[in-house]
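Below is structure34.txt, holding compact mmCIF, C-alpha atoms.
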```
# COMPACT_ATOMS: atom_id res chain seq x y z
CA MET A 1 139.68 91.46 161.15
CA ASP A 2 136.60 91.41 163.38
CA SER A 3 138.71 90.61 166.43
CA LEU A 4 140.73 93.74 165.84
CA PHE A 5 138.21 96.25 164.58
CA GLY A 6 134.91 94.75 165.62
CA SER A 7 132.08 94.11 163.19
CA LYS A 8 131.89 97.62 161.69
CA PRO A 9 132.45 97.69 157.92
CA ILE A 10 135.41 99.73 156.71
CA SER A 11 134.12 103.01 155.28
CA PHE A 12 134.98 106.71 155.27
CA SER A 13 132.31 107.43 157.86
CA ALA A 14 133.70 104.67 160.07
CA LEU A 15 137.15 106.26 159.97
CA LYS A 16 135.69 109.32 161.71
CA ASP A 17 133.75 107.30 164.27
CA PHE A 18 135.69 107.38 167.52
CA SER A 19 132.58 107.68 169.67
CA LYS A 20 134.13 105.55 172.42
CA LEU A 21 136.54 108.43 173.09
CA ASP A 22 135.07 111.03 175.41
CA GLN A 23 135.45 114.73 174.65
CA PRO A 24 138.26 115.39 177.17
CA THR A 25 140.29 112.54 175.65
CA ILE A 26 139.72 113.89 172.14
CA GLN A 27 140.89 117.35 173.27
CA HIS A 28 143.95 115.77 174.88
CA LEU A 29 144.80 113.91 171.67
CA LYS A 30 144.50 117.16 169.72
CA LYS A 31 147.12 118.72 172.02
CA VAL A 32 149.35 115.65 171.67
CA TYR A 33 149.21 115.70 167.87
CA THR A 34 149.73 119.47 167.79
CA CYS A 35 152.94 119.01 169.79
CA LEU A 36 153.90 116.09 167.54
CA SER A 37 153.38 118.18 164.39
CA LEU A 38 155.45 121.05 165.80
CA SER A 39 158.18 118.61 166.82
CA MET A 40 158.33 117.16 163.32
CA LEU A 41 158.51 120.64 161.82
CA ILE A 42 161.35 121.67 164.15
CA ALA A 43 163.16 118.38 163.48
CA ALA A 44 162.93 119.13 159.75
CA VAL A 45 164.47 122.54 160.44
CA GLY A 46 167.27 120.86 162.39
CA SER A 47 167.98 118.49 159.51
CA GLY A 48 167.95 121.42 157.09
CA VAL A 49 170.44 123.32 159.23
CA HIS A 50 172.81 120.34 159.05
CA LEU A 51 172.35 119.77 155.32
CA PHE A 52 172.36 123.31 153.97
CA THR A 53 174.37 125.43 156.42
CA ASP A 54 177.64 125.30 158.30
CA VAL A 55 176.12 126.75 161.48
CA LEU A 56 175.52 123.42 163.26
CA LYS A 57 176.21 119.81 162.37
CA GLY A 58 174.79 116.58 163.73
CA GLY A 59 177.23 114.47 165.68
CA LEU A 60 178.35 113.73 169.21
CA LEU A 61 177.47 117.17 170.58
CA SER A 62 173.96 117.07 169.14
CA ALA A 63 173.48 113.58 170.62
CA VAL A 64 174.56 114.82 174.06
CA ALA A 65 172.26 117.85 173.73
CA THR A 66 169.37 115.58 172.73
CA ILE A 67 169.81 113.42 175.83
CA GLY A 68 170.30 116.48 178.04
CA LEU A 69 167.10 118.16 176.84
CA LEU A 70 165.13 114.94 177.30
CA ILE A 71 166.42 114.63 180.87
CA ALA A 72 165.62 118.31 181.51
CA LEU A 73 162.06 117.74 180.32
CA SER A 74 161.66 114.63 182.46
CA LEU A 75 162.92 116.56 185.52
CA THR A 76 160.44 119.38 184.92
CA PRO A 77 157.20 117.84 186.19
CA TYR A 78 153.90 118.81 184.66
CA ASP A 79 151.98 121.14 186.95
CA GLY A 80 149.69 122.84 184.45
CA LYS A 81 151.61 126.14 184.68
CA ASN A 82 155.03 125.41 183.24
CA GLN A 83 154.01 124.15 179.82
CA THR A 84 155.77 126.94 177.93
CA LYS A 85 159.08 125.90 179.45
CA ARG A 86 158.40 122.22 178.82
CA VAL A 87 157.36 122.86 175.20
CA GLY A 88 160.64 124.76 174.82
CA PHE A 89 162.55 121.69 176.01
CA LEU A 90 160.52 119.56 173.58
CA MET A 91 161.31 121.84 170.63
CA GLY A 92 164.99 121.82 171.54
CA PHE A 93 164.91 118.04 171.74
CA ALA A 94 163.20 117.83 168.34
CA PHE A 95 165.72 120.24 166.77
CA CYS A 96 168.69 118.24 168.05
CA THR A 97 167.04 115.01 166.89
CA GLY A 98 166.75 116.53 163.41
CA LEU A 99 170.41 117.51 163.55
CA GLY A 100 171.24 113.92 164.48
CA LEU A 101 169.46 112.69 161.35
CA GLY A 102 171.59 115.00 159.22
CA PRO A 103 174.61 112.70 158.69
CA LEU A 104 172.34 109.86 157.51
CA MET A 105 170.57 112.25 155.14
CA ASP A 106 173.95 113.34 153.78
CA ILE A 107 174.66 109.74 152.77
CA VAL A 108 171.17 109.23 151.33
CA MET A 109 171.36 112.43 149.26
CA LYS A 110 174.55 111.18 147.61
CA ILE A 111 172.62 108.11 146.46
CA ASP A 112 169.36 109.82 145.48
CA ALA A 113 167.94 112.98 147.06
CA SER A 114 164.37 111.96 146.18
CA ILE A 115 164.58 109.16 148.75
CA ILE A 116 164.10 111.64 151.61
CA PRO A 117 160.62 112.96 150.65
CA THR A 118 159.61 109.44 149.60
CA ALA A 119 160.64 108.05 152.98
CA PHE A 120 158.76 110.84 154.74
CA PHE A 121 155.61 110.09 152.73
CA TYR A 122 155.80 106.36 153.50
CA THR A 123 156.46 107.04 157.19
CA THR A 124 153.50 109.43 157.43
CA LEU A 125 151.23 106.92 155.69
CA ILE A 126 152.30 104.07 157.98
CA PHE A 127 152.01 106.26 161.08
CA PHE A 128 148.52 107.37 160.04
CA CYS A 129 147.34 103.80 159.41
CA PHE A 130 148.62 102.41 162.71
CA THR A 131 147.23 105.41 164.60
CA LEU A 132 143.80 104.84 163.08
CA SER A 133 144.11 101.14 163.89
CA ALA A 134 144.78 101.96 167.55
CA LEU A 135 141.92 104.45 167.85
CA TRP A 136 139.54 102.20 165.98
CA ALA A 137 140.48 98.92 167.65
CA LYS A 138 138.92 97.50 170.78
CA GLU A 139 140.04 99.43 173.83
CA ARG A 140 143.38 98.23 175.27
CA PHE A 141 143.86 95.64 172.47
CA TYR A 142 147.37 96.86 171.68
CA LEU A 143 148.24 97.41 175.35
CA TYR A 144 148.37 93.64 175.78
CA LEU A 145 151.27 93.61 173.29
CA GLY A 146 153.38 95.78 175.59
CA GLY A 147 155.40 92.92 177.06
CA TRP A 148 156.18 91.47 173.63
CA LEU A 149 157.15 94.86 172.25
CA MET A 150 159.47 95.63 175.16
CA SER A 151 161.07 92.21 174.81
CA GLY A 152 161.54 92.82 171.09
CA LEU A 153 163.10 96.21 171.80
CA SER A 154 165.54 94.61 174.25
CA ILE A 155 166.53 92.02 171.64
CA LEU A 156 167.09 94.73 169.04
CA CYS A 157 169.26 96.73 171.45
CA PHE A 158 171.32 93.61 172.15
CA LEU A 159 171.71 92.89 168.42
CA SER A 160 172.73 96.46 167.74
CA LEU A 161 175.30 96.40 170.53
CA ALA A 162 176.67 93.02 169.43
CA ASN A 163 176.96 94.19 165.86
CA LEU A 164 179.20 97.07 166.92
CA PHE A 165 181.85 94.38 167.49
CA LEU A 166 180.83 91.80 164.87
CA GLY A 167 180.00 94.07 161.95
CA ALA A 168 177.78 91.38 160.42
CA ARG A 169 175.52 92.48 157.57
CA LEU A 170 172.93 89.83 158.45
CA LEU A 171 172.58 91.14 162.00
CA PHE A 172 172.27 94.68 160.66
CA GLN A 173 169.46 93.63 158.30
CA VAL A 174 167.64 91.78 161.09
CA GLU A 175 167.89 94.86 163.32
CA LEU A 176 166.80 97.13 160.46
CA TYR A 177 163.71 95.24 159.33
CA GLY A 178 162.86 93.92 162.80
CA GLY A 179 163.01 97.46 164.18
CA PHE A 180 160.81 98.71 161.36
CA VAL A 181 158.05 96.21 162.19
CA LEU A 182 158.48 96.73 165.92
CA PHE A 183 158.13 100.52 165.82
CA CYS A 184 155.09 100.29 163.56
CA PHE A 185 153.35 98.40 166.34
CA PHE A 186 154.77 100.81 168.91
CA VAL A 187 152.77 103.57 167.18
CA ALA A 188 149.54 101.69 167.89
CA TYR A 189 150.66 100.67 171.38
CA ASP A 190 151.72 104.19 172.39
CA THR A 191 148.52 105.68 170.98
CA GLN A 192 146.33 103.42 173.10
CA LEU A 193 148.66 103.94 176.08
CA ILE A 194 148.19 107.72 175.80
CA VAL A 195 144.42 107.30 175.79
CA HIS A 196 144.63 104.94 178.78
CA LYS A 197 146.93 107.26 180.74
CA HIS A 198 144.66 110.23 180.13
CA LYS A 199 141.66 108.32 181.43
CA GLN A 200 143.74 107.58 184.54
CA GLY A 201 144.32 111.31 185.05
CA ASP A 202 147.66 111.82 183.27
CA LYS A 203 147.25 115.04 181.25
CA ASP A 204 150.89 115.57 180.31
CA PHE A 205 150.41 115.97 176.55
CA VAL A 206 153.97 117.21 176.03
CA TRP A 207 155.55 114.02 177.33
CA HIS A 208 152.95 111.89 175.55
CA SER A 209 153.90 113.47 172.22
CA ILE A 210 157.54 112.42 172.71
CA ASP A 211 156.63 108.72 172.54
CA LEU A 212 154.94 109.17 169.17
CA PHE A 213 157.69 111.48 167.91
CA LEU A 214 160.36 108.89 168.67
CA ASP A 215 158.28 106.18 166.97
CA PHE A 216 157.99 108.37 163.87
CA VAL A 217 161.72 109.12 163.80
CA GLN A 218 162.68 105.46 164.19
CA ILE A 219 160.39 104.38 161.35
CA PHE A 220 161.60 107.24 159.14
CA ARG A 221 165.25 106.40 159.80
CA ARG A 222 164.74 102.75 158.87
CA ILE A 223 162.76 103.52 155.71
CA LEU A 224 165.52 105.92 154.66
CA ILE A 225 168.11 103.15 155.00
CA ILE A 226 165.95 100.51 153.30
CA LEU A 227 165.20 102.73 150.30
CA ALA A 228 168.83 103.85 150.08
CA GLN A 229 170.03 100.24 150.11
CA LYS A 230 167.64 99.30 147.32
CA GLU A 231 168.58 102.30 145.19
CA ASP A 232 172.29 101.70 145.73
CA SER A 233 171.92 98.03 144.75
CA LYS A 234 170.00 99.05 141.64
CA LYS A 235 172.76 101.47 140.59
CA LYS A 236 175.45 98.83 141.11
CA ARG A 237 173.58 96.33 138.96
CA ASN A 238 173.29 98.88 136.17
```
Structure rendered as C-alpha cells:
Amino acid sequence: MDSLFGSKPISFSALKDFSKLDQPTIQHLKKVYTCLSLSMLIAAVGSGVHLFTDVLKGGLLSAVATIGLLIALSLTPYDGKNQTKRVGFLMGFAFCTGLGLGPLMDIVMKIDASIIPTAFFYTTLIFFCFTLSALWAKERFYLYLGGWLMSGLSILCFLSLANLFLGARLLFQVELYGGFVLFCFFVAYDTQLIVHKHKQGDKDFVWHSIDLFLDFVQIFRRILIILAQKEDSKKKRN
C-alpha cells in the first residue's frame, strides 16, 4: 500500500489532505465535478423520460443524437467565452445517454426494480473510492497504466464485436467483468490525467467531465447487468 499511497496512515483527516494540488487545480476539479454532477442528473432525467413517458424512447435515434452532440462539442473549441454553448452540448449528450440506458433499465425493472438504485449506489461508491485513490496516490502513478488500459479497451472492443457474430455467453461474461474492472481503473487514470492536463494549461473542464461521465456510465451499465443476472438466476433456482 505504501507504494500507492505513500507512508501516510489512512484516516479521515488524510482523506481531506490533497495539499499537493495547487489552488487553481482544486478550482478546476470543482468545475469538472460540478459538470459531472449536472450530467448525471440530466442523464437520470433522460432515463426517466424513457421509462415513464411516451415522449421519447432510447434507441437508434438517441444513439445517433448522442454521437452527434459529442462531435458538436469536440468541434466547438474552448475559448473561455463559449462555455454556455458547450455546456448545452454536454447536457444534450448526457440526456441522450440517459435515454440510451432506458431499454436496459426496462429489462432490469422486469426482474427487480430495486436493482437500479442499488447499482447506482455501488457505482457511486466505487467511483468515489477510485477518485480518492487517484487524488491521494503519488502524482502520475495511474498515468503509467494508460498503455495497458488502452490495450485492454481495444481487446474488449474486439471481443464485443466478435460476440455479435458468435453469441457466446463466455465471451459476454469476459467482456462484462473485464470491462467493469477496466473502467474502475479508468476512473483513477482519467482523474490523474485531468490534473496533469490542467497543469499543462488545459482548462477545458467541460470536456474533462465527459471522460469521467463515460466511466461512470460504463460502470453503472455493467453493475446493472451483473446484479440483474444474479437476481434472475436466483429466481430461476427458486
All residues 10 Å or closer to Ile111 of chain A, all atoms listed in the file, same chain fewer than 2 positions away omitted, as number ranges by chain: A: 105-109, 113-115, 227-229, 231-232, 235
Give me the residues near segment 209-218 of chain A as a VMD selection string, where near means some atom within 6 Å (using all atoms listed in the file) and where sequence neighbours in that chain fewer than 3 positions away do not count. chain A and resid 32 36 183 206 221
So that I can see what lies close to segment 184-201 of chain A, please list as a ChimeraX atom specification the residues with an atom at most 10 Å from it, counting all atoms listed in the file and leaving out residues fewer than 2 positions away in the same chain. /A:21-22,24-26,28-29,32,123,126-146,149-150,153,179-182,203-205,207-209,211-216,218-219
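Here the question is which of A:Leu41, A:Leu170, A:Gly178, A:Lys236 gets nearest to Cys157 of chain A using only C-alpha atoms, and that residue is A:Gly178.
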Report, in Å with one decimal, the straight-line distance from atom CA of Phe93 of chain A to atom CA of Leu38 of chain A.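 Rounded to one decimal, the two atoms are 11.6 Å apart.
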Residues of segment 92-137 of chain A that have any atom at most 10 Å from an atom of segment 66-75 of chain A: could you tabulate them with the shortest-distance atom pair and the distance in Å to one decimal, using all atoms listed in the file, ordered by chain and increasing number, as a Markdown table?
```
| residue | atom | partner | partner_atom | distance |
| --- | --- | --- | --- | --- |
| A:Gly92 | CA | A:Leu69 | CA | 6.8 |
| A:Phe93 | CA | A:Thr66 | CA | 5.2 |
| A:Ala94 | CA | A:Thr66 | CA | 7.9 |
| A:Phe95 | CA | A:Thr66 | CA | 8.4 |
| A:Cys96 | CA | A:Thr66 | CA | 5.4 |
| A:Thr97 | CA | A:Thr66 | CA | 6.3 |
| A:Gly98 | CA | A:Thr66 | CA | 9.7 |
| A:Leu99 | CA | A:Thr66 | CA | 9.4 |
| A:Gly100 | CA | A:Thr66 | CA | 8.6 |
```
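Closest approach to Leu125 of chain A from the set A:Phe220, A:Ser37, A:Ile155, A:Trp148 is made by A:Phe220, with distances taken over only C-alpha atoms.
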Who sits within 10 Å of Val174 of chain A, only C-alpha atoms, same chain under 6 positions skipped, as a PDB file with C-alpha atoms, in the frame of the given file:
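The resulting file, result18.pdb, is reproduced below:
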```pdb
ATOM      1  CA  LEU A 156     167.090  94.730 169.040  1.00  0.00           C
ATOM      2  CA  LEU A 159     171.710  92.890 168.420  1.00  0.00           C
ATOM      3  CA  SER A 160     172.730  96.460 167.740  1.00  0.00           C
ATOM      4  CA  PHE A 180     160.810  98.710 161.360  1.00  0.00           C
TER       5      PHE A 180
END
```
